[in-house]
Amino acid sequence: MQTLACLNGELMPLEEAKVPVWDRGFLFGDSVYEVFRLYEGRIWLESEHTARLRRSLGEMEFPYVDLDLLLERVRRTISAGETDHGTAYIQITRGVSPRAHPFPKPPVPPTELIVVRPYDDAATAILRETGVAVVSQPDLRWGRCDVKSTNLLANVIALEHAHRAGRYEAILIDGDGLVTEATHSSVLWVREGQLQGTPDGPEILPGTKRHFLEKLAPQVGLPFVPTRIGLADLKGCDEVLLLGTTIEVLPVVTIDGEAVASGKPGPATQRLQTAYRAAVKRWLEGDEG
Ligand SMILES: Cc1ncc(COP(=O)(O)O)c(C=O)c1O
């Protein structure tokens with residue numbers, strides 16, 4: 001397996017992929033992205049990721065991008081690198097134009113980057129068993145977190161705080177003291193026999209794995225109910241979990257050093273992990289999707 005890039009349709013070793021300094025993604029963070037998870041060389045939840053990318057591009061008024069062609073290039077890059085278990089990173093910028101804030105007029109062609117690389121799940125697999133410790137951090141992000149843009153500075157800073165405290169992730173708390181999500185994962189919690197999470201809206205990214213799990217949850221006896229929650233109440237929940245493309249379903253066992261319930265992964269999270277894995281397996285066996 002080899003890490004390969006496909007830049008504007010041209011396949012190359014990653015080291016050879018270069019973007020001009022006038023690229024608006026570099027200058028302004030004027031770009032959107034997606035990360036696909038590859039199991040056995042296949043793209044998991046492809047249509048959900050593609051729909052989110054289409055939406056991000058539309059909401060930010062990007063010039064037309066041929067997403068069928070993009071997916072064809074992703075597949076070509078996966079097969080050229082012989083990638084089995086891995087990720088495909090896709091970034092689309094508003095293109096290259098001398099530095100000026102307004103959109104280029106007339107529009108310039110978007111820059112399209114695909115990077116496919118192997119992903120070793122071993123370290124995360126252990127965390128799925130042990131659970132992770134997280135901290136809370138103020139949510140300093142902008143008002144369009146529903147768009148998967150590369151404006152990630154506030155996420156980066158909050159995660160750095162978590163890592164300096166020796167914790168895995170930071171759960172973000174908005175100006176009203178309510179939980180939004182985490183720096184690079186979704187947050188759900190279990191209380192009163194329900195799986196709960198912040199309702200979709202501009203405060204959070206519509207997580208593909210979270211949405212998938214919301215649909216699976218009733219099958220393991222957990223109705224999903226969107227709701228807001230404050231930090232103190234989150235700490236008092238029966239279970240708290242993180243969701244994401246590479247982590248899948250990860251139990252949170254402490255928040256700011258305080259144990260969540262018993263301080264061990266809870267039974268509902270374990271049921272959800274099993275259901276999630278089973279769904280991936282069924283899909284790989286071709287029984288659905
Ligand atoms: C801020 C944020 N929330 C949630 C997620 C989880 O999204 P998904 O499940 O689509 O990977 C991510 C993933 O990158 C993220 O960056």
# chains A, B, ... in the order shown; residues from 1 in each chain; ligands from 1

call {"tool": "residues_near_ligand", "arguments": {"ligand": "ligand 1", "cutoff": "9 Å", "atoms": "only C-alpha atoms and all ligand atoms", "output": "ChimeraX atom specification"}}
result
/A:34-37,48-49,52,145-146,148,152,155,181-187,204-212,242-248

call {"tool": "write_last_selection", "arguments": {"atoms": "N, CA and C atoms", "output": "JSON list (two decimals), in the first residue's frame"}}
result
[["chain", "number", "residue", "atom", "x", "y", "z"],
["A", 34, "GLU", "N", -13.51, 16.52, 2.74],
["A", 34, "GLU", "CA", -14.19, 15.31, 3.21],
["A", 34, "GLU", "C", -13.12, 14.27, 3.52],
["A", 35, "VAL", "N", -13.44, 13.36, 4.39],
["A", 35, "VAL", "CA", -12.55, 12.21, 4.64],
["A", 35, "VAL", "C", -13.38, 10.95, 4.52],
["A", 36, "PHE", "N", -13.01, 10.09, 3.59],
["A", 36, "PHE", "CA", -13.71, 8.80, 3.41],
["A", 36, "PHE", "C", -12.92, 7.73, 4.16],
["A", 37, "ARG", "N", -13.62, 6.78, 4.72],
["A", 37, "ARG", "CA", -12.95, 5.61, 5.31],
["A", 37, "ARG", "C", -13.04, 4.47, 4.30],
["A", 48, "GLU", "N", -23.40, 9.31, 1.57],
["A", 48, "GLU", "CA", -23.57, 10.29, 2.66],
["A", 48, "GLU", "C", -22.44, 11.34, 2.62],
["A", 49, "HIS", "N", -21.21, 10.86, 2.42],
["A", 49, "HIS", "CA", -20.07, 11.80, 2.34],
["A", 49, "HIS", "C", -20.20, 12.69, 1.11],
["A", 52, "ARG", "N", -22.74, 15.35, 1.64],
["A", 52, "ARG", "CA", -22.24, 16.43, 2.52],
["A", 52, "ARG", "C", -21.27, 17.34, 1.77],
["A", 145, "CYS", "N", -20.54, 25.92, 11.31],
["A", 145, "CYS", "CA", -19.83, 24.65, 11.56],
["A", 145, "CYS", "C", -20.48, 23.48, 10.83],
["A", 146, "ASP", "N", -21.68, 23.72, 10.24],
["A", 146, "ASP", "CA", -22.34, 22.68, 9.46],
["A", 146, "ASP", "C", -21.65, 22.47, 8.11],
["A", 148, "LYS", "N", -18.28, 21.65, 6.07],
["A", 148, "LYS", "CA", -17.00, 21.01, 6.39],
["A", 148, "LYS", "C", -15.88, 21.79, 5.69],
["A", 152, "LEU", "N", -10.07, 25.51, 10.42],
["A", 152, "LEU", "CA", -10.08, 24.62, 11.57],
["A", 152, "LEU", "C", -9.20, 25.12, 12.72],
["A", 155, "ASN", "N", -10.54, 24.61, 16.15],
["A", 155, "ASN", "CA", -10.54, 23.18, 16.48],
["A", 155, "ASN", "C", -9.12, 22.74, 16.88],
["A", 181, "GLU", "N", -20.07, 19.89, 19.93],
["A", 181, "GLU", "CA", -19.50, 18.60, 19.49],
["A", 181, "GLU", "C", -18.06, 18.57, 19.96],
["A", 182, "ALA", "N", -17.20, 17.76, 19.35],
["A", 182, "ALA", "CA", -15.79, 17.75, 19.73],
["A", 182, "ALA", "C", -14.97, 18.30, 18.56],
["A", 183, "THR", "N", -13.65, 18.42, 18.74],
["A", 183, "THR", "CA", -12.85, 19.14, 17.73],
["A", 183, "THR", "C", -12.81, 18.44, 16.38],
["A", 184, "HIS", "N", -12.81, 17.10, 16.41],
["A", 184, "HIS", "CA", -12.84, 16.38, 15.14],
["A", 184, "HIS", "C", -13.67, 15.11, 15.26],
["A", 185, "SER", "N", -14.68, 15.18, 16.11],
["A", 185, "SER", "CA", -15.61, 14.06, 16.22],
["A", 185, "SER", "C", -16.96, 14.57, 16.74],
["A", 186, "SER", "N", -18.00, 13.77, 16.52],
["A", 186, "SER", "CA", -19.32, 14.09, 17.05],
["A", 186, "SER", "C", -19.42, 13.56, 18.48],
["A", 187, "VAL", "N", -20.35, 14.14, 19.24],
["A", 187, "VAL", "CA", -20.57, 13.70, 20.63],
["A", 187, "VAL", "C", -22.02, 13.27, 20.78],
["A", 204, "ILE", "N", -22.98, 22.60, 14.54],
["A", 204, "ILE", "CA", -22.22, 21.35, 14.46],
["A", 204, "ILE", "C", -22.13, 20.83, 13.03],
["A", 205, "LEU", "N", -21.09, 20.03, 12.82],
["A", 205, "LEU", "CA", -20.99, 19.32, 11.54],
["A", 205, "LEU", "C", -22.00, 18.18, 11.53],
["A", 206, "PRO", "N", -22.77, 18.02, 10.44],
["A", 206, "PRO", "CA", -23.64, 16.84, 10.38],
["A", 206, "PRO", "C", -22.79, 15.59, 10.18],
["A", 207, "GLY", "N", -22.44, 14.93, 11.26],
["A", 207, "GLY", "CA", -21.51, 13.79, 11.23],
["A", 207, "GLY", "C", -22.13, 12.58, 10.52],
["A", 208, "THR", "N", -21.40, 12.02, 9.57],
["A", 208, "THR", "CA", -21.95, 10.88, 8.84],
["A", 208, "THR", "C", -22.07, 9.65, 9.75],
["A", 209, "LYS", "N", -21.10, 9.46, 10.64],
["A", 209, "LYS", "CA", -21.14, 8.27, 11.50],
["A", 209, "LYS", "C", -22.18, 8.44, 12.59],
["A", 210, "ARG", "N", -22.33, 9.66, 13.06],
["A", 210, "ARG", "CA", -23.36, 9.95, 14.05],
["A", 210, "ARG", "C", -24.74, 9.68, 13.46],
["A", 211, "HIS", "N", -24.98, 10.17, 12.24],
["A", 211, "HIS", "CA", -26.28, 9.95, 11.60],
["A", 211, "HIS", "C", -26.52, 8.46, 11.41],
["A", 212, "PHE", "N", -25.47, 7.75, 11.02],
["A", 212, "PHE", "CA", -25.60, 6.31, 10.81],
["A", 212, "PHE", "C", -25.99, 5.62, 12.13],
["A", 242, "LEU", "N", -17.94, 9.36, 21.53],
["A", 242, "LEU", "CA", -17.47, 10.13, 20.38],
["A", 242, "LEU", "C", -17.66, 9.28, 19.13],
["A", 243, "LEU", "N", -17.97, 9.94, 18.03],
["A", 243, "LEU", "CA", -18.17, 9.23, 16.75],
["A", 243, "LEU", "C", -17.36, 9.90, 15.67],
["A", 244, "GLY", "N", -16.86, 9.11, 14.75],
["A", 244, "GLY", "CA", -16.15, 9.70, 13.62],
["A", 244, "GLY", "C", -15.71, 8.64, 12.63],
["A", 245, "THR", "N", -15.20, 9.12, 11.53],
["A", 245, "THR", "CA", -14.89, 8.24, 10.40],
["A", 245, "THR", "C", -13.81, 7.21, 10.72],
["A", 246, "THR", "N", -12.76, 7.64, 11.45],
["A", 246, "THR", "CA", -11.72, 6.66, 11.77],
["A", 246, "THR", "C", -11.94, 6.05, 13.16],
["A", 247, "ILE", "N", -12.46, 6.85, 14.10],
["A", 247, "ILE", "CA", -12.61, 6.30, 15.46],
["A", 247, "ILE", "C", -13.80, 5.36, 15.57],
["A", 248, "GLU", "N", -14.78, 5.51, 14.68],
["A", 248, "GLU", "CA", -16.05, 4.79, 14.74],
["A", 248, "GLU", "C", -16.81, 5.18, 16.01]]

call {"tool": "residues_around", "arguments": {"residues": "Leu38 of chain A", "least_positions_apart": "6", "cutoff": "6 Å", "atoms": "only C-alpha atoms", "output": "NGL selection string"}}
result
:A and (85-87)

call {"tool": "write_last_selection", "arguments": {"atoms": "C-alpha atoms", "output": "PDB file, in the first residue's frame"}}
result
ATOM      1  CA  HIS A  85      -7.702  -0.207   4.818  1.00  0.00           C
ATOM      2  CA  GLY A  86      -7.179   3.509   4.607  1.00  0.00           C
ATOM      3  CA  THR A  87      -8.614   6.949   4.195  1.00  0.00           C
TER       4      THR A  87
END

call {"tool": "residues_around", "arguments": {"residues": "Gln196 of chain A", "least_positions_apart": "6", "cutoff": "12 Å", "atoms": "only C-alpha atoms", "output": "list in words"}}
result
Val179, Ser186, Val187, Leu188, Trp189, Val190, Arg210, His211, Leu213, Glu214, Ala217, Pro218, Leu222, Pro223, Phe224, Val225, Pro226, Thr227, Arg228, Ile229, Leu234, Cys237, Asp238, Glu239, Val240 and Leu241 of chain A

call {"tool": "select_by_dssp", "arguments": {"residues": "segment 77-226 of chain A", "states": "alpha helix (DSSP H)", "output": "mmCIF file with N, CA and C atoms, in the first residue's frame"}}
result
data_model
loop_
_atom_site.group_PDB
_atom_site.id
_atom_site.type_symbol
_atom_site.label_atom_id
_atom_site.label_comp_id
_atom_site.auth_asym_id
_atom_site.auth_seq_id
_atom_site.Cartn_x
_atom_site.Cartn_y
_atom_site.Cartn_z
ATOM 1 N N THR A 77 -7.283 6.402 -7.583
ATOM 2 C CA THR A 77 -6.171 6.588 -6.638
ATOM 3 C C THR A 77 -6.115 5.412 -5.660
ATOM 4 N N ILE A 78 -7.277 4.932 -5.240
ATOM 5 C CA ILE A 78 -7.317 3.778 -4.327
ATOM 6 C C ILE A 78 -6.688 2.571 -5.023
ATOM 7 N N SER A 79 -7.078 2.327 -6.270
ATOM 8 C CA SER A 79 -6.525 1.120 -6.912
ATOM 9 C C SER A 79 -5.051 1.286 -7.257
ATOM 10 N N ALA A 80 -4.634 2.486 -7.654
ATOM 11 C CA ALA A 80 -3.211 2.667 -7.977
ATOM 12 C C ALA A 80 -2.338 2.449 -6.737
ATOM 13 N N ALA A 122 -4.968 -0.145 14.740
ATOM 14 C CA ALA A 122 -4.618 -0.886 15.959
ATOM 15 C C ALA A 122 -4.728 -0.030 17.233
ATOM 16 N N ALA A 123 -4.169 1.194 17.198
ATOM 17 C CA ALA A 123 -4.164 2.024 18.413
ATOM 18 C C ALA A 123 -5.597 2.413 18.799
ATOM 19 N N THR A 124 -6.415 2.742 17.809
ATOM 20 C CA THR A 124 -7.792 3.150 18.102
ATOM 21 C C THR A 124 -8.618 1.964 18.584
ATOM 22 N N ALA A 125 -8.305 0.792 18.062
ATOM 23 C CA ALA A 125 -9.049 -0.406 18.490
ATOM 24 C C ALA A 125 -8.895 -0.603 20.003
ATOM 25 N N ILE A 126 -7.715 -0.297 20.524
ATOM 26 C CA ILE A 126 -7.504 -0.426 21.977
ATOM 27 C C ILE A 126 -8.368 0.608 22.715
ATOM 28 N N LEU A 127 -8.400 1.830 22.177
ATOM 29 C CA LEU A 127 -9.190 2.893 22.829
ATOM 30 C C LEU A 127 -10.681 2.569 22.839
ATOM 31 N N ARG A 128 -11.128 1.837 21.816
ATOM 32 C CA ARG A 128 -12.553 1.451 21.797
ATOM 33 C C ARG A 128 -12.884 0.542 22.975
ATOM 34 N N GLU A 129 -11.860 -0.194 23.432
ATOM 35 C CA GLU A 129 -12.061 -1.085 24.589
ATOM 36 C C GLU A 129 -11.929 -0.320 25.903
ATOM 37 N N THR A 130 -10.906 0.546 25.987
ATOM 38 C CA THR A 130 -10.604 1.204 27.270
ATOM 39 C C THR A 130 -11.430 2.458 27.495
ATOM 40 N N LEU A 153 -8.839 26.421 12.683
ATOM 41 C CA LEU A 153 -7.898 26.916 13.682
ATOM 42 C C LEU A 153 -8.434 26.766 15.110
ATOM 43 N N ALA A 154 -9.704 27.091 15.316
ATOM 44 C CA ALA A 154 -10.270 26.977 16.668
ATOM 45 C C ALA A 154 -10.304 25.506 17.110
ATOM 46 N N ASN A 155 -10.544 24.612 16.153
ATOM 47 C CA ASN A 155 -10.535 23.176 16.479
ATOM 48 C C ASN A 155 -9.117 22.741 16.878
ATOM 49 N N VAL A 156 -8.143 23.234 16.104
ATOM 50 C CA VAL A 156 -6.739 22.855 16.333
ATOM 51 C C VAL A 156 -6.297 23.319 17.726
ATOM 52 N N ILE A 157 -6.674 24.556 18.077
ATOM 53 C CA ILE A 157 -6.239 25.106 19.367
ATOM 54 C C ILE A 157 -6.897 24.342 20.521
ATOM 55 N N ALA A 158 -8.180 24.048 20.395
ATOM 56 C CA ALA A 158 -8.867 23.313 21.470
ATOM 57 C C ALA A 158 -8.267 21.913 21.633
ATOM 58 N N LEU A 159 -7.949 21.268 20.511
ATOM 59 C CA LEU A 159 -7.365 19.919 20.601
ATOM 60 C C LEU A 159 -5.966 19.982 21.215
ATOM 61 N N GLU A 160 -5.222 21.032 20.885
ATOM 62 C CA GLU A 160 -3.890 21.183 21.465
ATOM 63 C C GLU A 160 -3.982 21.285 22.995
ATOM 64 N N HIS A 161 -4.979 22.041 23.478
ATOM 65 C CA HIS A 161 -5.192 22.134 24.938
ATOM 66 C C HIS A 161 -5.442 20.745 25.527
ATOM 67 N N ALA A 162 -6.270 19.961 24.826
ATOM 68 C CA ALA A 162 -6.579 18.609 25.309
ATOM 69 C C ALA A 162 -5.303 17.773 25.367
ATOM 70 N N HIS A 163 -4.509 17.826 24.306
ATOM 71 C CA HIS A 163 -3.310 16.993 24.251
ATOM 72 C C HIS A 163 -2.289 17.425 25.291
ATOM 73 N N ARG A 164 -2.185 18.742 25.535
ATOM 74 C CA ARG A 164 -1.250 19.207 26.578
ATOM 75 C C ARG A 164 -1.679 18.724 27.959
ATOM 76 N N THR A 208 -21.400 12.024 9.571
ATOM 77 C CA THR A 208 -21.950 10.878 8.836
ATOM 78 C C THR A 208 -22.068 9.651 9.747
ATOM 79 N N LYS A 209 -21.097 9.455 10.637
ATOM 80 C CA LYS A 209 -21.141 8.273 11.501
ATOM 81 C C LYS A 209 -22.179 8.441 12.595
ATOM 82 N N ARG A 210 -22.327 9.656 13.064
ATOM 83 C CA ARG A 210 -23.364 9.953 14.049
ATOM 84 C C ARG A 210 -24.740 9.685 13.456
ATOM 85 N N HIS A 211 -24.977 10.174 12.244
ATOM 86 C CA HIS A 211 -26.279 9.947 11.605
ATOM 87 C C HIS A 211 -26.523 8.460 11.408
ATOM 88 N N PHE A 212 -25.468 7.749 11.020
ATOM 89 C CA PHE A 212 -25.604 6.305 10.808
ATOM 90 C C PHE A 212 -25.993 5.621 12.135
ATOM 91 N N LEU A 213 -25.319 6.043 13.197
ATOM 92 C CA LEU A 213 -25.573 5.427 14.506
ATOM 93 C C LEU A 213 -26.971 5.777 15.043
ATOM 94 N N GLU A 214 -27.421 6.987 14.745
ATOM 95 C CA GLU A 214 -28.768 7.381 15.193
ATOM 96 C C GLU A 214 -29.809 6.418 14.621
ATOM 97 N N LYS A 215 -29.539 5.977 13.365
ATOM 98 C CA LYS A 215 -30.500 5.062 12.722
ATOM 99 C C LYS A 215 -30.378 3.648 13.285
ATOM 100 N N LEU A 216 -29.147 3.269 13.686
ATOM 101 C CA LEU A 216 -28.940 1.927 14.240
ATOM 102 C C LEU A 216 -29.463 1.799 15.674
#

call {"tool": "atom_distance", "arguments": {"atom1": "atom CA of Val115 of chain A", "atom2": "atom CA of Ala5 of chain A"}}
result
4.4 Å

call {"tool": "closest_residue", "arguments": {"among": "A:Met12, A:Leu27, A:Val220, A:Val253", "to": "His101 of chain A", "atoms": "only C-alpha atoms"}}
result
A:Leu27

call {"tool": "residues_around", "arguments": {"residues": "Glu16 of chain A", "least_positions_apart": "2", "cutoff": "10 Å", "atoms": "only C-alpha atoms", "output": "MDAnalysis selection string"}}
result
chainID A and resid 4:5 7 11:14 18:19

call {"tool": "closest_atom_pairs", "arguments": {"of": "segment 24-65 of chain A", "to": "segment 260-284 of chain A", "cutoff": "12 Å", "atoms": "only C-alpha atoms", "output": "JSON lines"}}
result
{"residue": "A:Arg37", "atom": "CA", "partner": "A:Val280", "partner_atom": "CA", "distance": 11.1}
{"residue": "A:Leu38", "atom": "CA", "partner": "A:Leu284", "partner_atom": "CA", "distance": 10.7}
{"residue": "A:Tyr39", "atom": "CA", "partner": "A:Leu284", "partner_atom": "CA", "distance": 7.8}
{"residue": "A:Glu40", "atom": "CA", "partner": "A:Leu284", "partner_atom": "CA", "distance": 7.8}
{"residue": "A:Gly41", "atom": "CA", "partner": "A:Leu284", "partner_atom": "CA", "distance": 10.1}
{"residue": "A:Arg42", "atom": "CA", "partner": "A:Leu284", "partner_atom": "CA", "distance": 8.3}
{"residue": "A:Ile43", "atom": "CA", "partner": "A:Leu284", "partner_atom": "CA", "distance": 10.1}
{"residue": "A:Trp44", "atom": "CA", "partner": "A:Val280", "partner_atom": "CA", "distance": 7.9}
{"residue": "A:Leu45", "atom": "CA", "partner": "A:Val280", "partner_atom": "CA", "distance": 9.6}
{"residue": "A:Glu46", "atom": "CA", "partner": "A:Trp283", "partner_atom": "CA", "distance": 11.9}

call {"tool": "residues_around", "arguments": {"residues": "Arg144 of chain A", "least_positions_apart": "6", "cutoff": "10 Å", "atoms": "only C-alpha atoms", "output": "list in words"}}
result
Glu59, Met60, Gly201, Pro202, Glu203, Ile204 and Leu205 of chain A

call {"tool": "closest_residue", "arguments": {"among": "A:Pro118, A:Gly25, A:Gly175, A:Gly166", "to": "Val132 of chain A", "atoms": "only C-alpha atoms"}}
result
A:Gly166

call {"tool": "select_by_dssp", "arguments": {"residues": "segment 151-277 of chain A", "states": "strand (DSSP E or B)", "output": "ChimeraX atom specification"}}
result
/A:169-173,178-182,186-191,194-197,224-226,230,239-244,248-255,258-259

call {"tool": "closest_residue", "arguments": {"among": "A:Ala17, A:Leu140, A:Val116, A:Asp256", "to": "Glu82 of chain A", "atoms": "only C-alpha atoms"}}
result
A:Val116

call {"tool": "closest_residue", "arguments": {"among": "A:Glu285, A:Glu169, A:Glu112, A:Asp174", "to": "Gly131 of chain A", "atoms": "only C-alpha atoms"}}
result
A:Glu169

call {"tool": "atom_distance", "arguments": {"atom1": "atom CA of Pro109 of chain A", "atom2": "atom CA of Arg76 of chain A"}}
result
21.4 Å

call {"tool": "atom_distance", "arguments": {"atom1": "atom CA of Gln137 of chain A", "atom2": "atom CA of Ala170 of chain A"}}
result
6.0 Å

call {"tool": "closest_residue", "arguments": {"among": "A:Leu178, A:Ala259, A:Ile114, A:Val65", "to": "Tyr89 of chain A", "atoms": "only C-alpha atoms"}}
result
A:Ile114
